[in-house]
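> Got a structure here, written out as structure tokens. Questions coming.
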Amino acid sequence: MALKIQLTKSFAGASDTQMRTIRGLGLKKFGQVRILKDTPANRGMVFKVKHLVTSETVSGEAKVKPRRKPRHVRVREAARAKADAPAGK
């Protein structure tokens with residue numbers, strides 16, 4: 001099960017905690033839709049800003065993005081791989 005959440009009201013004038021909750025849900029723009037895992041934490045966040053969002057339970061699972069390494073780590077690993085590679089002719 002998953003939660004489909006849409007930002008339906010403007011968050012202009014909302015309190016700082018509500019703004020952080022909206023951002024924590026991954027909503028940035030008016031009308032944006034996110035599909036999140038149906039967990040008690042996510043349901044609590046939706047309850048906190050229920051006057052700004054609409055939510056519904058949908059079947060299926062939310063897509064989970066694989067976590068990316070920080071840029072400086074990727075650059076460092078690429079430089080090490082390049083240094084360890086055998087030289088051409």
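Convention: chains lettered A, B, ... in structure tokens order; per-chain residue numbering from 1; ligands numbered from 1 as shown.
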If you count only C-alpha atoms, which residues fall within 8 Å of Val53 of chain A, apart from same-chain ones fewer than 4 positions away, as JSON, numbers by chain?
{"A": [5, 6, 7, 8, 9, 46, 49]}
> Take the selection from the previous step and output its residues with N, CA and C atoms, as a PDB file, in the first residue's frame.

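Result file follows (out-v5.pdb):
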ATOM      1  N   ILE A   5      -0.142  11.707  -2.309  1.00  0.00           N
ATOM      2  CA  ILE A   5      -0.305  12.990  -1.658  1.00  0.00           C
ATOM      3  C   ILE A   5      -0.156  14.089  -2.696  1.00  0.00           C
ATOM      4  N   GLN A   6      -1.080  15.053  -2.673  1.00  0.00           N
ATOM      5  CA  GLN A   6      -1.025  16.188  -3.588  1.00  0.00           C
ATOM      6  C   GLN A   6      -1.157  17.477  -2.794  1.00  0.00           C
ATOM      7  N   LEU A   7      -0.311  18.446  -3.106  1.00  0.00           N
ATOM      8  CA  LEU A   7      -0.381  19.758  -2.477  1.00  0.00           C
ATOM      9  C   LEU A   7      -1.472  20.556  -3.170  1.00  0.00           C
ATOM     10  N   THR A   8      -2.592  20.784  -2.471  1.00  0.00           N
ATOM     11  CA  THR A   8      -3.757  21.407  -3.096  1.00  0.00           C
ATOM     12  C   THR A   8      -3.986  22.839  -2.656  1.00  0.00           C
ATOM     13  N   LYS A   9      -3.364  23.270  -1.587  1.00  0.00           N
ATOM     14  CA  LYS A   9      -3.528  24.638  -1.107  1.00  0.00           C
ATOM     15  C   LYS A   9      -2.147  25.286  -1.028  1.00  0.00           C
ATOM     16  N   VAL A  46       1.187  13.846   7.125  1.00  0.00           N
ATOM     17  CA  VAL A  46       0.023  14.251   6.338  1.00  0.00           C
ATOM     18  C   VAL A  46      -1.049  14.825   7.259  1.00  0.00           C
ATOM     19  N   VAL A  49      -0.523  18.512   8.145  1.00  0.00           N
ATOM     20  CA  VAL A  49      -0.802  19.514   7.111  1.00  0.00           C
ATOM     21  C   VAL A  49      -2.019  19.112   6.279  1.00  0.00           C
TER      22      VAL A  49
END
> Could you pull out the helix (DSSP H, G or I) residues of chain A from DSSP and send them as a PyMOL selection string?
chain A and resi 16-24+40-48+71-84
> Show which residues sit within 12 Å of Arg20 of chain A, as a PDB file with C-alpha atoms, in the first residue's frame. Count only C-alpha atoms, and ignore same-chain residues fewer than 5 positions away.

ATOM      1  CA  PHE A  11       1.485  27.149   1.885  1.00  0.00           C
ATOM      2  CA  ALA A  14       1.958  28.578   6.908  1.00  0.00           C
ATOM      3  CA  SER A  15       4.009  28.171  10.058  1.00  0.00           C
ATOM      4  CA  LEU A  25       6.947  14.965   2.345  1.00  0.00           C
ATOM      5  CA  GLY A  26       8.874  15.929  -0.778  1.00  0.00           C
ATOM      6  CA  LEU A  27       6.389  18.520  -1.996  1.00  0.00           C
ATOM      7  CA  LYS A  28       7.833  21.676  -3.537  1.00  0.00           C
ATOM      8  CA  MET A  45       3.078  14.227   8.606  1.00  0.00           C
ATOM      9  CA  VAL A  46       0.023  14.251   6.338  1.00  0.00           C
ATOM     10  CA  LYS A  48      -0.211  17.751  10.441  1.00  0.00           C
ATOM     11  CA  VAL A  49      -0.802  19.514   7.111  1.00  0.00           C
TER      12      VAL A  49
END
> Find the spatial neighbours of Thr57 of chain A, counting only C-alpha atoms, within a cut-off of 9 Å - ignore same-chain residues fewer than 4 positions away - and output them as a list in words.
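Listing them by chain and then by number gives Met1, Ala2, Leu3, Lys4, Ile5 and Asp38 of chain A.
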> Just the number, please: distance in Å from atom CA of Lys29 of chain A to atom CA of Ser10 of chain A, one decimal.
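These atoms are spaced 8.9 Å apart.
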> Within chain A, find each residue whose DSSP state, derived from the backbone, is strand (DSSP E or B), and express the selection as a PyMOL selection string.
chain A and resi 2-7+33-37+53-58
> Could those selected residues go to a file with N, CA and C atoms, as a PDB file, in the first residue's frame?

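Heads up, here's the output in result19.pdb:
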ATOM      1  N   ALA A   2       0.344   2.300  -0.565  1.00  0.00           N
ATOM      2  CA  ALA A   2       1.083   3.554  -0.653  1.00  0.00           C
ATOM      3  C   ALA A   2       0.111   4.713  -0.466  1.00  0.00           C
ATOM      4  N   LEU A   3       0.653   5.867  -0.166  1.00  0.00           N
ATOM      5  CA  LEU A   3      -0.126   7.084  -0.026  1.00  0.00           C
ATOM      6  C   LEU A   3       0.153   7.995  -1.212  1.00  0.00           C
ATOM      7  N   LYS A   4      -0.901   8.462  -1.847  1.00  0.00           N
ATOM      8  CA  LYS A   4      -0.774   9.444  -2.923  1.00  0.00           C
ATOM      9  C   LYS A   4      -1.118  10.790  -2.316  1.00  0.00           C
ATOM     10  N   ILE A   5      -0.142  11.707  -2.309  1.00  0.00           N
ATOM     11  CA  ILE A   5      -0.305  12.990  -1.658  1.00  0.00           C
ATOM     12  C   ILE A   5      -0.156  14.089  -2.696  1.00  0.00           C
ATOM     13  N   GLN A   6      -1.080  15.053  -2.673  1.00  0.00           N
ATOM     14  CA  GLN A   6      -1.025  16.188  -3.588  1.00  0.00           C
ATOM     15  C   GLN A   6      -1.157  17.477  -2.794  1.00  0.00           C
ATOM     16  N   LEU A   7      -0.311  18.446  -3.106  1.00  0.00           N
ATOM     17  CA  LEU A   7      -0.381  19.758  -2.477  1.00  0.00           C
ATOM     18  C   LEU A   7      -1.472  20.556  -3.170  1.00  0.00           C
ATOM     19  N   VAL A  33       2.398  15.974  -7.004  1.00  0.00           N
ATOM     20  CA  VAL A  33       1.908  14.707  -6.458  1.00  0.00           C
ATOM     21  C   VAL A  33       3.092  13.831  -6.117  1.00  0.00           C
ATOM     22  N   ARG A  34       3.046  13.194  -4.954  1.00  0.00           N
ATOM     23  CA  ARG A  34       4.071  12.241  -4.551  1.00  0.00           C
ATOM     24  C   ARG A  34       3.380  10.961  -4.103  1.00  0.00           C
ATOM     25  N   ILE A  35       4.031   9.847  -4.344  1.00  0.00           N
ATOM     26  CA  ILE A  35       3.549   8.559  -3.847  1.00  0.00           C
ATOM     27  C   ILE A  35       4.581   8.075  -2.845  1.00  0.00           C
ATOM     28  N   LEU A  36       4.143   7.929  -1.599  1.00  0.00           N
ATOM     29  CA  LEU A  36       5.029   7.564  -0.501  1.00  0.00           C
ATOM     30  C   LEU A  36       4.579   6.263   0.136  1.00  0.00           C
ATOM     31  N   LYS A  37       5.494   5.635   0.861  1.00  0.00           N
ATOM     32  CA  LYS A  37       5.148   4.435   1.611  1.00  0.00           C
ATOM     33  C   LYS A  37       4.108   4.786   2.663  1.00  0.00           C
ATOM     34  N   VAL A  53      -3.062  19.570   1.979  1.00  0.00           N
ATOM     35  CA  VAL A  53      -2.843  18.470   1.043  1.00  0.00           C
ATOM     36  C   VAL A  53      -4.087  17.590   0.967  1.00  0.00           C
ATOM     37  N   THR A  54      -4.173  16.827  -0.116  1.00  0.00           N
ATOM     38  CA  THR A  54      -5.154  15.756  -0.199  1.00  0.00           C
ATOM     39  C   THR A  54      -4.384  14.453  -0.278  1.00  0.00           C
ATOM     40  N   SER A  55      -4.912  13.431   0.341  1.00  0.00           N
ATOM     41  CA  SER A  55      -4.222  12.142   0.322  1.00  0.00           C
ATOM     42  C   SER A  55      -5.228  11.032   0.095  1.00  0.00           C
ATOM     43  N   GLU A  56      -4.748   9.989  -0.534  1.00  0.00           N
ATOM     44  CA  GLU A  56      -5.567   8.798  -0.741  1.00  0.00           C
ATOM     45  C   GLU A  56      -4.648   7.588  -0.725  1.00  0.00           C
ATOM     46  N   THR A  57      -5.202   6.473  -0.334  1.00  0.00           N
ATOM     47  CA  THR A  57      -4.450   5.226  -0.321  1.00  0.00           C
ATOM     48  C   THR A  57      -4.586   4.558  -1.676  1.00  0.00           C
ATOM     49  N   VAL A  58      -3.454   4.173  -2.245  1.00  0.00           N
ATOM     50  CA  VAL A  58      -3.462   3.517  -3.545  1.00  0.00           C
ATOM     51  C   VAL A  58      -2.802   2.146  -3.405  1.00  0.00           C
TER      52      VAL A  58
END
> Counting only C-alpha atoms, which of A:Asp16, A:Ser59, A:Thr21, A:Ala81 gets nearest to Asn42 of chain A?
A:Thr21
> Tell me which protein, DNA and RNA residues are within 12 Å of Gly13 of chain A, counting only C-alpha atoms, leaving out same-chain ones fewer than 5 positions away, and put them as a VMD selection string.
chain A and resid 18 to 19 52
> Choose the residue, out of A:Pro66, A:Gly31, A:His72, A:Ile22, that has the smallest atom-to-atom separation from Lys50 of chain A; count only C-alpha atoms.
A:Ile22
> Pick out the closest residue to Ala62 of chain A from this set: A:Thr39, A:Glu77, A:Phe30, A:Pro86. Count only C-alpha atoms.
A:Thr39
> Mind giving me the straight-line distance from atom CA of Arg23 of chain A to atom CA of His51 of chain A in Å, one decimal?
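Between atom CA of Arg23 of chain A and atom CA of His51 of chain A the gap works out to 15.2 Å.
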> Between atom CA of Glu61 of chain A and atom CA of Thr17 of chain A, measure the distance and give it in Å to one decimal.
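A separation of 27.9 Å between them.
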